[in-house]
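Novice: Submitted below is the structure of interest, expressed as structure tokens.
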Amino acid sequence: MQPFTLTEARDNKGAINILASNKNAKVIAGGTNLLDLMKMYVERPEQLIDINGLDFKRIEVLPGGGIRIGALVTNTDLAYHPAIIKQYPVLSEAVLAGASAQLRNMATTGGNKDREELEEVKRKTENEKKNFEGYGSADEIKKNYLSNVRSKAAAKVNGQLKKLGLPTMPEHKDEFMELCNKLGV
Ligand SMILES: Cc1cc2nc3c(=O)[nH]c(=O)nc-3n(C[C@H](O)[C@H](O)[C@H](O)COP(=O)(O)OP(=O)(O)OC[C@H]3O[C@@H](n4cnc5c(N)ncnc54)[C@H](O)[C@@H]3O)c2cc1C
């Protein structure tokens, strides 16, 4: 890990000011994702802003029937909140199906959604999908898949998928080839 400074944010404005003034600053919540990425040199922030003291730990039932979930609500608090269990039982079950109790106690909702990265992966995946449109035959799809899976663009997408802890394209290759064999392509 490379050296970094740790600052505790006292209010939202303070955290935003640091983020705006240092492009190598990052917020840290539970640290269950970010610290691993830092240990592997995937993330190299110069400054970490600990946002755990900020007021984003509430789950609020809204008058219209919806629910507002604070960015610092932990997975445990989310899964066991009575309103979530009642109105969104599948969400509660999905959260409890992930990770371990220790991790769920630390992991936050905000940390799970690095929206910019997800949007970037989505955009690149959409572009890749376009490459597959309009192929004339299954043989052509197989040929293009095999060349795409090793392309520079795919390497970039795979890097991002890996960073997000999602399966990469080469990880699906065996499954794809098995399917081709089954279909006689
Ligand atoms: C063994 C293991 C198993 C896991 N299993 C699962 C699983 O089953 N399902 C799953 O979804 N995830 C899983 N994770 C991933 C991780 O625990 C979750 O994504 C968790 O919610 C991250 O939250 P955190 O508070 O620890 O984030 P951090 O590690 O603190 O931060 C992660 C990223 O989000 C940013 N961030 C944090 N808070 C905010 C905020 N409020 N606003 C904007 N950006 C923010 C940080 O800057 C950083 O880029 C697992 C991780 C491990 C190590």
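Residue numbers start at 1 in each chain; chains themselves are named A, B, ... in the order of the structure tokens; ligands are numbered from 1 in the order shown.
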For ligand 1, return the neighbouring residues as a PyMOL selection string (distance at most 6 Å; only C-alpha atoms and all ligand atoms).
Specialist: chain A and resi 26-34+71+98-99+106-112+114
Novice: Based on the backbone DSSP call, show me all residues of range 4-75 of chain A assigned helix (DSSP H, G or I), as a list in words.
Specialist: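 Of range 4-75 of chain A, only Asn12, Lys13, Gly14, Ala15, Ile16, Asn17, Ile18, Leu19, Ala20, Ser21, Leu34, Leu35, Asp36, Leu37, Met38, Lys39 and Asn75 of chain A fall in helix (DSSP H, G or I).
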Novice: I need the residues from that last selection saved to file as a compact mmCIF listing (two decimals), in the first residue's frame (with N, CA and C atoms), if you can.
Specialist:
```txt
# COMPACT_ATOMS: atom_id res chain seq x y z
N ASN A 12 -20.76 17.56 5.84
CA ASN A 12 -20.82 17.24 4.40
C ASN A 12 -19.97 18.21 3.59
N LYS A 13 -20.07 19.50 3.98
CA LYS A 13 -19.35 20.53 3.21
C LYS A 13 -17.84 20.28 3.25
N GLY A 14 -17.35 19.93 4.46
CA GLY A 14 -15.92 19.66 4.61
C GLY A 14 -15.48 18.53 3.70
N ALA A 15 -16.26 17.46 3.67
CA ALA A 15 -15.91 16.29 2.83
C ALA A 15 -15.91 16.69 1.36
N ILE A 16 -16.93 17.45 0.96
CA ILE A 16 -17.04 17.86 -0.45
C ILE A 16 -15.87 18.77 -0.83
N ASN A 17 -15.50 19.67 0.09
CA ASN A 17 -14.38 20.59 -0.20
C ASN A 17 -13.09 19.82 -0.44
N ILE A 18 -12.83 18.79 0.40
CA ILE A 18 -11.60 18.02 0.21
C ILE A 18 -11.65 17.30 -1.14
N LEU A 19 -12.80 16.70 -1.43
CA LEU A 19 -12.93 15.97 -2.71
C LEU A 19 -12.72 16.90 -3.90
N ALA A 20 -13.25 18.13 -3.76
CA ALA A 20 -13.14 19.08 -4.87
C ALA A 20 -11.70 19.59 -5.03
N SER A 21 -10.96 19.65 -3.92
CA SER A 21 -9.62 20.25 -4.01
C SER A 21 -8.53 19.21 -4.29
N LEU A 34 -12.74 -0.87 -0.50
CA LEU A 34 -11.65 0.05 -0.84
C LEU A 34 -10.29 -0.43 -0.31
N LEU A 35 -10.25 -0.92 0.92
CA LEU A 35 -8.95 -1.30 1.50
C LEU A 35 -8.30 -2.44 0.72
N ASP A 36 -9.12 -3.41 0.29
CA ASP A 36 -8.57 -4.51 -0.53
C ASP A 36 -8.01 -3.96 -1.83
N LEU A 37 -8.76 -3.04 -2.44
CA LEU A 37 -8.30 -2.46 -3.71
C LEU A 37 -7.01 -1.68 -3.52
N MET A 38 -6.87 -1.04 -2.37
CA MET A 38 -5.64 -0.29 -2.09
C MET A 38 -4.47 -1.26 -1.87
N LYS A 39 -4.75 -2.35 -1.18
CA LYS A 39 -3.67 -3.32 -0.93
C LYS A 39 -3.16 -3.91 -2.24
N ASN A 75 -25.16 -2.92 5.68
CA ASN A 75 -25.96 -4.01 5.11
C ASN A 75 -26.78 -4.71 6.19
```
Novice: Counting only C-alpha atoms, figure out which residue out of A:Lys142, A:Arg104, A:Lys163, A:Lys152 gets nearest to Leu183 in chain A.
Specialist: A:Lys142
Novice: With only C-alpha atoms as the atoms that count, which of A:Ser147, A:Gln87, A:Thr76, A:Asn52 lies nearest to Asp11 in chain A?
Specialist: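 Looking at the shortest contact to Asp11 in chain A, the residue is A:Asn52.
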Novice: When you draw a straight line from CA of Ala9 in chain A to CA of Asp50 in chain A, how long is it in Å?
Specialist: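 Here the two named atoms are 5.9 Å from each other.
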Novice: Using only C-alpha atoms, determine which residues lie at most 10 Å from Leu146 in chain A, disregarding the query and same-chain residues fewer than 4 positions distant; provide the list as a PDB file with N, CA and C atoms, in the first residue's frame.
Specialist:
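And here is the file that came out, around_25.pdb:
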```
ATOM      1  N   GLU A 140     -20.318 -17.150 -36.969  1.00  0.00           N
ATOM      2  CA  GLU A 140     -19.775 -15.789 -36.977  1.00  0.00           C
ATOM      3  C   GLU A 140     -19.724 -15.224 -35.545  1.00  0.00           C
ATOM      4  N   ILE A 141     -20.781 -15.505 -34.769  1.00  0.00           N
ATOM      5  CA  ILE A 141     -20.828 -15.025 -33.378  1.00  0.00           C
ATOM      6  C   ILE A 141     -19.664 -15.632 -32.602  1.00  0.00           C
ATOM      7  N   LYS A 142     -19.453 -16.947 -32.814  1.00  0.00           N
ATOM      8  CA  LYS A 142     -18.367 -17.621 -32.081  1.00  0.00           C
ATOM      9  C   LYS A 142     -17.012 -17.009 -32.455  1.00  0.00           C
ATOM     10  N   ARG A 150     -10.278 -11.234 -26.536  1.00  0.00           N
ATOM     11  CA  ARG A 150      -8.851 -10.904 -26.363  1.00  0.00           C
ATOM     12  C   ARG A 150      -8.531  -9.473 -26.800  1.00  0.00           C
ATOM     13  N   SER A 151      -9.577  -8.713 -27.156  1.00  0.00           N
ATOM     14  CA  SER A 151      -9.318  -7.363 -27.683  1.00  0.00           C
ATOM     15  C   SER A 151      -8.907  -6.389 -26.572  1.00  0.00           C
ATOM     16  N   PRO A 170     -13.337 -13.513 -19.847  1.00  0.00           N
ATOM     17  CA  PRO A 170     -12.632 -14.794 -19.960  1.00  0.00           C
ATOM     18  C   PRO A 170     -13.167 -15.853 -18.984  1.00  0.00           C
ATOM     19  N   LYS A 173     -15.678 -17.791 -20.642  1.00  0.00           N
ATOM     20  CA  LYS A 173     -15.294 -18.402 -21.919  1.00  0.00           C
ATOM     21  C   LYS A 173     -15.601 -19.908 -21.949  1.00  0.00           C
ATOM     22  N   PHE A 176     -19.151 -20.509 -22.454  1.00  0.00           N
ATOM     23  CA  PHE A 176     -19.527 -20.175 -23.829  1.00  0.00           C
ATOM     24  C   PHE A 176     -19.141 -21.316 -24.776  1.00  0.00           C
ATOM     25  N   MET A 177     -17.901 -21.811 -24.617  1.00  0.00           N
ATOM     26  CA  MET A 177     -17.419 -22.874 -25.504  1.00  0.00           C
ATOM     27  C   MET A 177     -18.234 -24.163 -25.312  1.00  0.00           C
TER      28      MET A 177
END
```
Novice: Residues within 9 Å of Val185 in chain A, please, as a ChimeraX atom specification. Count only C-alpha atoms; anything in the same chain fewer than 6 positions from it doesn't count.
Specialist: /A:138-139,142,179
Novice: What gap, in Å, lies between CA of Thr7 in chain A and CA of Val42 in chain A?
Specialist: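 Computing it gives 20.9 Å between the two atoms.
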Novice: Please identify all polymer residues within 10 Å of Asn158 in chain A, counting only C-alpha atoms, omitting same-chain residues fewer than 2 positions from it, and present them as a CSV table (one decimal) with C-alpha atoms, in the first residue's frame.
Specialist:
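New file part-v3.csv:
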```
chain,number,residue,atom,x,y,z
A,121,VAL,CA,-19.0,-0.5,-17.3
A,125,THR,CA,-20.8,-3.3,-22.2
A,149,VAL,CA,-12.5,-11.6,-25.7
A,152,LYS,CA,-7.9,-4.2,-26.0
A,153,ALA,CA,-11.5,-3.0,-25.5
A,154,ALA,CA,-12.4,-6.2,-23.7
A,155,ALA,CA,-9.3,-6.0,-21.5
A,156,LYS,CA,-10.4,-2.6,-20.4
A,160,GLN,CA,-13.4,-2.6,-14.6
A,161,LEU,CA,-15.5,-5.7,-14.0
A,162,LYS,CA,-12.7,-7.2,-11.8
A,163,LYS,CA,-12.4,-4.0,-9.9
A,164,LEU,CA,-16.1,-4.2,-9.1
A,166,LEU,CA,-17.9,-9.1,-11.1
A,167,PRO,CA,-17.1,-12.0,-13.3
A,168,THR,CA,-14.9,-11.1,-16.3
A,169,MET,CA,-15.4,-12.2,-20.0
A,170,PRO,CA,-12.6,-14.8,-20.0
A,171,GLU,CA,-14.3,-16.3,-16.9
```
